[in-house]
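my_file.pdb, holding PDB, C-alpha atoms:
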ATOM      1  CA  GLN A1262     -17.946 -15.007  -9.709  1.00  0.00           C
ATOM      2  CA  LEU A1263     -19.947 -15.330  -6.512  1.00  0.00           C
ATOM      3  CA  GLN A1264     -19.625 -12.159  -4.498  1.00  0.00           C
ATOM      4  CA  LEU A1265     -21.292  -9.402  -2.526  1.00  0.00           C
ATOM      5  CA  VAL A1266     -20.510  -5.792  -3.367  1.00  0.00           C
ATOM      6  CA  GLU A1267     -21.303  -2.887  -1.074  1.00  0.00           C
ATOM      7  CA  SER A1268     -21.928   0.641  -2.291  1.00  0.00           C
ATOM      8  CA  GLY A1269     -23.318   3.930  -1.007  1.00  0.00           C
ATOM      9  CA  GLY A1270     -20.767   4.856   1.617  1.00  0.00           C
ATOM     10  CA  GLY A1271     -19.067   8.208   1.930  1.00  0.00           C
ATOM     11  CA  LEU A1272     -18.453  11.260   4.064  1.00  0.00           C
ATOM     12  CA  VAL A1273     -21.403  12.940   5.750  1.00  0.00           C
ATOM     13  CA  GLN A1274     -21.996  15.251   8.651  1.00  0.00           C
ATOM     14  CA  SER A1275     -23.561  14.235  11.929  1.00  0.00           C
ATOM     15  CA  GLY A1276     -27.345  13.993  11.608  1.00  0.00           C
ATOM     16  CA  GLU A1277     -27.312  13.230   7.902  1.00  0.00           C
ATOM     17  CA  SER A1278     -28.312  10.002   6.162  1.00  0.00           C
ATOM     18  CA  LEU A1279     -26.804   7.380   3.900  1.00  0.00           C
ATOM     19  CA  THR A1280     -28.159   4.249   2.289  1.00  0.00           C
ATOM     20  CA  LEU A1281     -25.825   1.329   1.829  1.00  0.00           C
ATOM     21  CA  SER A1282     -26.520  -1.307  -0.797  1.00  0.00           C
ATOM     22  CA  CYS A1283     -25.277  -4.870  -0.933  1.00  0.00           C
ATOM     23  CA  ALA A1284     -25.583  -6.456  -4.361  1.00  0.00           C
ATOM     24  CA  ALA A1285     -25.146 -10.173  -4.935  1.00  0.00           C
ATOM     25  CA  SER A1286     -23.372 -11.317  -8.053  1.00  0.00           C
ATOM     26  CA  GLY A1287     -23.593 -14.849  -9.352  1.00  0.00           C
ATOM     27  CA  PHE A1288     -26.172 -16.107  -6.899  1.00  0.00           C
ATOM     28  CA  SER A1289     -29.630 -15.367  -5.600  1.00  0.00           C
ATOM     29  CA  LEU A1290     -30.199 -13.930  -2.145  1.00  0.00           C
ATOM     30  CA  ASP A1291     -33.517 -15.723  -1.684  1.00  0.00           C
ATOM     31  CA  SER A1292     -32.279 -18.387   0.726  1.00  0.00           C
ATOM     32  CA  TYR A1293     -29.841 -16.264   2.671  1.00  0.00           C
ATOM     33  CA  ALA A1294     -30.075 -14.098   5.724  1.00  0.00           C
ATOM     34  CA  ILE A1295     -28.204 -10.838   5.226  1.00  0.00           C
ATOM     35  CA  GLY A1296     -26.147  -9.156   7.887  1.00  0.00           C
ATOM     36  CA  TRP A1297     -24.563  -5.734   8.107  1.00  0.00           C
ATOM     37  CA  PHE A1298     -21.394  -5.524  10.188  1.00  0.00           C
ATOM     38  CA  HIS A1299     -19.401  -2.538  11.404  1.00  0.00           C
ATOM     39  CA  GLU A1300     -15.669  -2.413  11.977  1.00  0.00           C
ATOM     40  CA  VAL A1301     -13.426   0.301  13.353  1.00  0.00           C
ATOM     41  CA  PRO A1302      -9.657   0.119  13.891  1.00  0.00           C
ATOM     42  CA  GLY A1303      -8.752  -1.653  17.087  1.00  0.00           C
ATOM     43  CA  LYS A1304     -12.172  -3.211  17.587  1.00  0.00           C
ATOM     44  CA  GLU A1305     -13.810  -6.409  16.444  1.00  0.00           C
ATOM     45  CA  ARG A1306     -16.182  -6.395  13.524  1.00  0.00           C
ATOM     46  CA  GLU A1307     -19.672  -6.596  14.970  1.00  0.00           C
ATOM     47  CA  GLY A1308     -23.193  -6.969  13.702  1.00  0.00           C
ATOM     48  CA  VAL A1309     -25.446  -3.928  13.537  1.00  0.00           C
ATOM     49  CA  SER A1310     -28.414  -5.387  11.687  1.00  0.00           C
ATOM     50  CA  CYS A1311     -29.453  -8.722  10.271  1.00  0.00           C
ATOM     51  CA  ILE A1312     -32.492  -9.543   8.155  1.00  0.00           C
ATOM     52  CA  GLY A1313     -33.982 -12.987   7.650  1.00  0.00           C
ATOM     53  CA  ASP A1314     -34.343 -14.692   4.303  1.00  0.00           C
ATOM     54  CA  SER A1315     -38.113 -14.814   4.065  1.00  0.00           C
ATOM     55  CA  ASP A1316     -39.906 -14.309   7.366  1.00  0.00           C
ATOM     56  CA  GLY A1317     -39.413 -10.583   7.621  1.00  0.00           C
ATOM     57  CA  ALA A1318     -37.495 -10.836  10.870  1.00  0.00           C
ATOM     58  CA  ILE A1319     -34.991  -8.055  11.424  1.00  0.00           C
ATOM     59  CA  TYR A1320     -32.540  -7.554  14.251  1.00  0.00           C
ATOM     60  CA  TYR A1321     -30.906  -4.261  15.191  1.00  0.00           C
ATOM     61  CA  LYS A1322     -28.120  -3.554  17.601  1.00  0.00           C
ATOM     62  CA  ASP A1323     -29.385  -1.266  20.367  1.00  0.00           C
ATOM     63  CA  SER A1324     -27.214   1.668  19.312  1.00  0.00           C
ATOM     64  CA  VAL A1325     -28.773   1.816  15.835  1.00  0.00           C
ATOM     65  CA  ASN A1326     -32.333   0.761  16.626  1.00  0.00           C
ATOM     66  CA  GLY A1327     -34.680   3.505  15.503  1.00  0.00           C
ATOM     67  CA  ARG A1328     -32.073   5.094  13.231  1.00  0.00           C
ATOM     68  CA  PHE A1329     -31.149   2.299  10.829  1.00  0.00           C
ATOM     69  CA  THR A1330     -33.547   0.310   8.655  1.00  0.00           C
ATOM     70  CA  ALA A1331     -32.590  -2.899   6.911  1.00  0.00           C
ATOM     71  CA  SER A1332     -34.464  -4.148   3.872  1.00  0.00           C
ATOM     72  CA  ARG A1333     -34.000  -6.419   0.916  1.00  0.00           C
ATOM     73  CA  ASN A1334     -35.211  -6.839  -2.644  1.00  0.00           C
ATOM     74  CA  ASN A1335     -34.608 -10.431  -3.653  1.00  0.00           C
ATOM     75  CA  ALA A1336     -35.702  -9.775  -7.241  1.00  0.00           C
ATOM     76  CA  LYS A1337     -32.875  -7.252  -7.508  1.00  0.00           C
ATOM     77  CA  ARG A1338     -30.509  -9.460  -5.497  1.00  0.00           C
ATOM     78  CA  THR A1339     -29.834  -6.472  -3.306  1.00  0.00           C
ATOM     79  CA  ALA A1340     -30.051  -5.669   0.390  1.00  0.00           C
ATOM     80  CA  TYR A1341     -30.078  -2.191   1.865  1.00  0.00           C
ATOM     81  CA  LEU A1342     -29.221  -0.428   5.081  1.00  0.00           C
ATOM     82  CA  GLN A1343     -30.842   2.979   5.433  1.00  0.00           C
ATOM     83  CA  MET A1344     -28.877   4.934   8.028  1.00  0.00           C
ATOM     84  CA  ASN A1345     -30.504   8.071   9.425  1.00  0.00           C
ATOM     85  CA  ASP A1346     -29.346  10.551  12.048  1.00  0.00           C
ATOM     86  CA  LEU A1347     -25.783   9.360  11.659  1.00  0.00           C
ATOM     87  CA  LYS A1348     -23.387   9.932  14.529  1.00  0.00           C
ATOM     88  CA  PRO A1349     -19.577  10.114  14.599  1.00  0.00           C
ATOM     89  CA  GLU A1350     -19.508   6.738  16.381  1.00  0.00           C
ATOM     90  CA  ASP A1351     -21.140   5.194  13.290  1.00  0.00           C
ATOM     91  CA  THR A1352     -17.908   5.884  11.398  1.00  0.00           C
ATOM     92  CA  GLY A1353     -16.145   2.787  10.135  1.00  0.00           C
ATOM     93  CA  VAL A1354     -16.169   0.160   7.452  1.00  0.00           C
ATOM     94  CA  TYR A1355     -19.462  -1.575   6.836  1.00  0.00           C
ATOM     95  CA  TYR A1356     -19.552  -5.104   5.506  1.00  0.00           C
ATOM     96  CA  CYS A1357     -22.499  -7.099   4.297  1.00  0.00           C
ATOM     97  CA  ALA A1358     -22.599 -10.847   4.683  1.00  0.00           C
ATOM     98  CA  ALA A1359     -24.870 -13.645   3.560  1.00  0.00           C
ATOM     99  CA  ASP A1360     -25.403 -16.938   5.305  1.00  0.00           C
ATOM    100  CA  VAL A1361     -27.941 -19.690   5.690  1.00  0.00           C
ATOM    101  CA  GLU A1362     -28.847 -18.904   9.268  1.00  0.00           C
ATOM    102  CA  PRO A1363     -32.381 -19.299  10.623  1.00  0.00           C
ATOM    103  CA  TRP A1364     -31.626 -17.242  13.750  1.00  0.00           C
ATOM    104  CA  ILE A1365     -30.712 -13.718  12.748  1.00  0.00           C
ATOM    105  CA  GLN A1366     -29.776 -12.781  16.292  1.00  0.00           C
ATOM    106  CA  ALA A1367     -27.180 -15.557  16.157  1.00  0.00           C
ATOM    107  CA  MET A1368     -25.886 -14.264  12.844  1.00  0.00           C
ATOM    108  CA  CYS A1369     -25.502 -10.743  14.199  1.00  0.00           C
ATOM    109  CA  ALA A1370     -23.807 -12.075  17.329  1.00  0.00           C
ATOM    110  CA  ARG A1371     -20.855 -13.380  15.330  1.00  0.00           C
ATOM    111  CA  ARG A1372     -17.878 -11.096  15.838  1.00  0.00           C
ATOM    112  CA  GLY A1373     -14.557 -10.492  14.153  1.00  0.00           C
ATOM    113  CA  LYS A1374     -13.269 -10.391  10.620  1.00  0.00           C
ATOM    114  CA  ASP A1375     -12.942 -14.147  10.609  1.00  0.00           C
ATOM    115  CA  ALA A1376     -16.558 -14.763  11.595  1.00  0.00           C
ATOM    116  CA  GLU A1377     -17.802 -17.606   9.474  1.00  0.00           C
ATOM    117  CA  MET A1378     -20.222 -16.555   6.754  1.00  0.00           C
ATOM    118  CA  MET A1379     -20.899 -18.069   3.369  1.00  0.00           C
ATOM    119  CA  TYR A1380     -20.206 -14.738   1.702  1.00  0.00           C
ATOM    120  CA  TRP A1381     -18.622 -11.480   2.800  1.00  0.00           C
ATOM    121  CA  GLY A1382     -18.459  -8.239   0.886  1.00  0.00           C
ATOM    122  CA  LYS A1383     -15.215  -6.304   0.792  1.00  0.00           C
ATOM    123  CA  GLY A1384     -16.602  -3.455   2.852  1.00  0.00           C
ATOM    124  CA  ILE A1385     -17.298   0.206   2.338  1.00  0.00           C
ATOM    125  CA  LEU A1386     -16.267   3.235   4.363  1.00  0.00           C
ATOM    126  CA  VAL A1387     -18.719   5.487   6.150  1.00  0.00           C
ATOM    127  CA  ASN A1388     -17.231   8.612   7.684  1.00  0.00           C
ATOM    128  CA  VAL A1389     -19.414  10.801   9.881  1.00  0.00           C
ATOM    129  CA  SER A1390     -17.947  14.123  10.889  1.00  0.00           C
ATOM    130  CA  SER A1391     -19.123  16.010  13.962  1.00  0.00           C
TER     131      SER A1391
END
Taking this structure as input, can you express it in the form of structure tokens?
Amino acid sequence: QLQLVESGGGLVQSGESLTLSCAASGFSLDSYAIGWFHEVPGKEREGVSCIGDSDGAIYYKDSVNGRFTASRNNAKRTAYLQMNDLKPEDTGVYYCAADVEPWIQAMCARRGKDAEMMYWGKGILVNVSS
């Protein structure tokens, strides 16, 4: 079965850290850009970070730049989002997505739960208490 599975979410206090993982099953991540998207009730799902397939390019939304770090390990078929200095506004469900997209800014600009991606994970909850 071809799928992405997120893990690593949970409940933390403001200022603490979490690392999310996105593991690919049934396919290799080598040729795919990976995006991390954030969704809260009543708002559109939006991109927070996207990482290119091979050129090392990484995009961060302004509100997470300097706090979040995206990375990937293609040999392990896994992408990561290290989230430091978490804030209550970071609370929500985080989804990873994979797509063949040469422009990572364009990938992260896609909004909404119906944004077209080749693969979406099912999401994982991050809850940051103040």
What's around region 1307-1314 of chain A at 7 Å? Count all atoms listed in the file, leave out sequence neighbours fewer than 6 positions away in its own chain, and write the answer as a ChimeraX atom specification.
/A:1291-1300,1320-1322,1331,1365,1369-1373
Those same residues - C-alpha atoms - I'd like them written as a PDB file, in the coordinates of the input.
ATOM      1  CA  ASP A1291     -33.517 -15.723  -1.684  1.00  0.00           C
ATOM      2  CA  SER A1292     -32.279 -18.387   0.726  1.00  0.00           C
ATOM      3  CA  TYR A1293     -29.841 -16.264   2.671  1.00  0.00           C
ATOM      4  CA  ALA A1294     -30.075 -14.098   5.724  1.00  0.00           C
ATOM      5  CA  ILE A1295     -28.204 -10.838   5.226  1.00  0.00           C
ATOM      6  CA  GLY A1296     -26.147  -9.156   7.887  1.00  0.00           C
ATOM      7  CA  TRP A1297     -24.563  -5.734   8.107  1.00  0.00           C
ATOM      8  CA  PHE A1298     -21.394  -5.524  10.188  1.00  0.00           C
ATOM      9  CA  HIS A1299     -19.401  -2.538  11.404  1.00  0.00           C
ATOM     10  CA  GLU A1300     -15.669  -2.413  11.977  1.00  0.00           C
ATOM     11  CA  TYR A1320     -32.540  -7.554  14.251  1.00  0.00           C
ATOM     12  CA  TYR A1321     -30.906  -4.261  15.191  1.00  0.00           C
ATOM     13  CA  LYS A1322     -28.120  -3.554  17.601  1.00  0.00           C
ATOM     14  CA  ALA A1331     -32.590  -2.899   6.911  1.00  0.00           C
ATOM     15  CA  ILE A1365     -30.712 -13.718  12.748  1.00  0.00           C
ATOM     16  CA  CYS A1369     -25.502 -10.743  14.199  1.00  0.00           C
ATOM     17  CA  ALA A1370     -23.807 -12.075  17.329  1.00  0.00           C
ATOM     18  CA  ARG A1371     -20.855 -13.380  15.330  1.00  0.00           C
ATOM     19  CA  ARG A1372     -17.878 -11.096  15.838  1.00  0.00           C
ATOM     20  CA  GLY A1373     -14.557 -10.492  14.153  1.00  0.00           C
TER      21      GLY A1373
END
Pick out the residues sitting within 10 Å of Gln1274 (chain A), and hand them over as number ranges by chain; count all atoms listed in the file, and ignore anything fewer than 2 positions along from it in its own chain.
A: 1272, 1276-1278, 1346-1349, 1388-1391
Written selection (C-alpha atoms) as a JSON list (two decimals), in the coordinates of the input:
[["chain", "number", "residue", "atom", "x", "y", "z"],
["A", 1272, "LEU", "CA", -18.45, 11.26, 4.06],
["A", 1276, "GLY", "CA", -27.34, 13.99, 11.61],
["A", 1277, "GLU", "CA", -27.31, 13.23, 7.90],
["A", 1278, "SER", "CA", -28.31, 10.00, 6.16],
["A", 1346, "ASP", "CA", -29.35, 10.55, 12.05],
["A", 1347, "LEU", "CA", -25.78, 9.36, 11.66],
["A", 1348, "LYS", "CA", -23.39, 9.93, 14.53],
["A", 1349, "PRO", "CA", -19.58, 10.11, 14.60],
["A", 1388, "ASN", "CA", -17.23, 8.61, 7.68],
["A", 1389, "VAL", "CA", -19.41, 10.80, 9.88],
["A", 1390, "SER", "CA", -17.95, 14.12, 10.89],
["A", 1391, "SER", "CA", -19.12, 16.01, 13.96]]
Residue among A:Val1273, A:Leu1263, A:Leu1281, A:Ile1385 lying closest to Leu1342 (chain A), counting all atoms listed in the file
A:Leu1281
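The gap separating CA of Leu1265 (chain A) from CA of Leu1290 (chain A) is 10.0 Å, in Å to one decimal.
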How many Å lie between CA of Asn1345 (chain A) and CA of Thr1280 (chain A), rounded to one decimal?
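Between CA of Asn1345 (chain A) and CA of Thr1280 (chain A) the gap is 8.4 Å.
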Find the spatial neighbours of region 1379-1384 of chain A, counting all atoms listed in the file, within a cut-off of 7 Å - ignore same-chain residues fewer than 4 positions away - and output them as a ChimeraX atom specification.
/A:1264-1267,1354-1360
Atom pair CA of Asp1375 (chain A) / CA of Gly1270 (chain A): separation (Å):
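Taking CA of Asp1375 (chain A) and CA of Gly1270 (chain A), their separation equals 22.4 Å.
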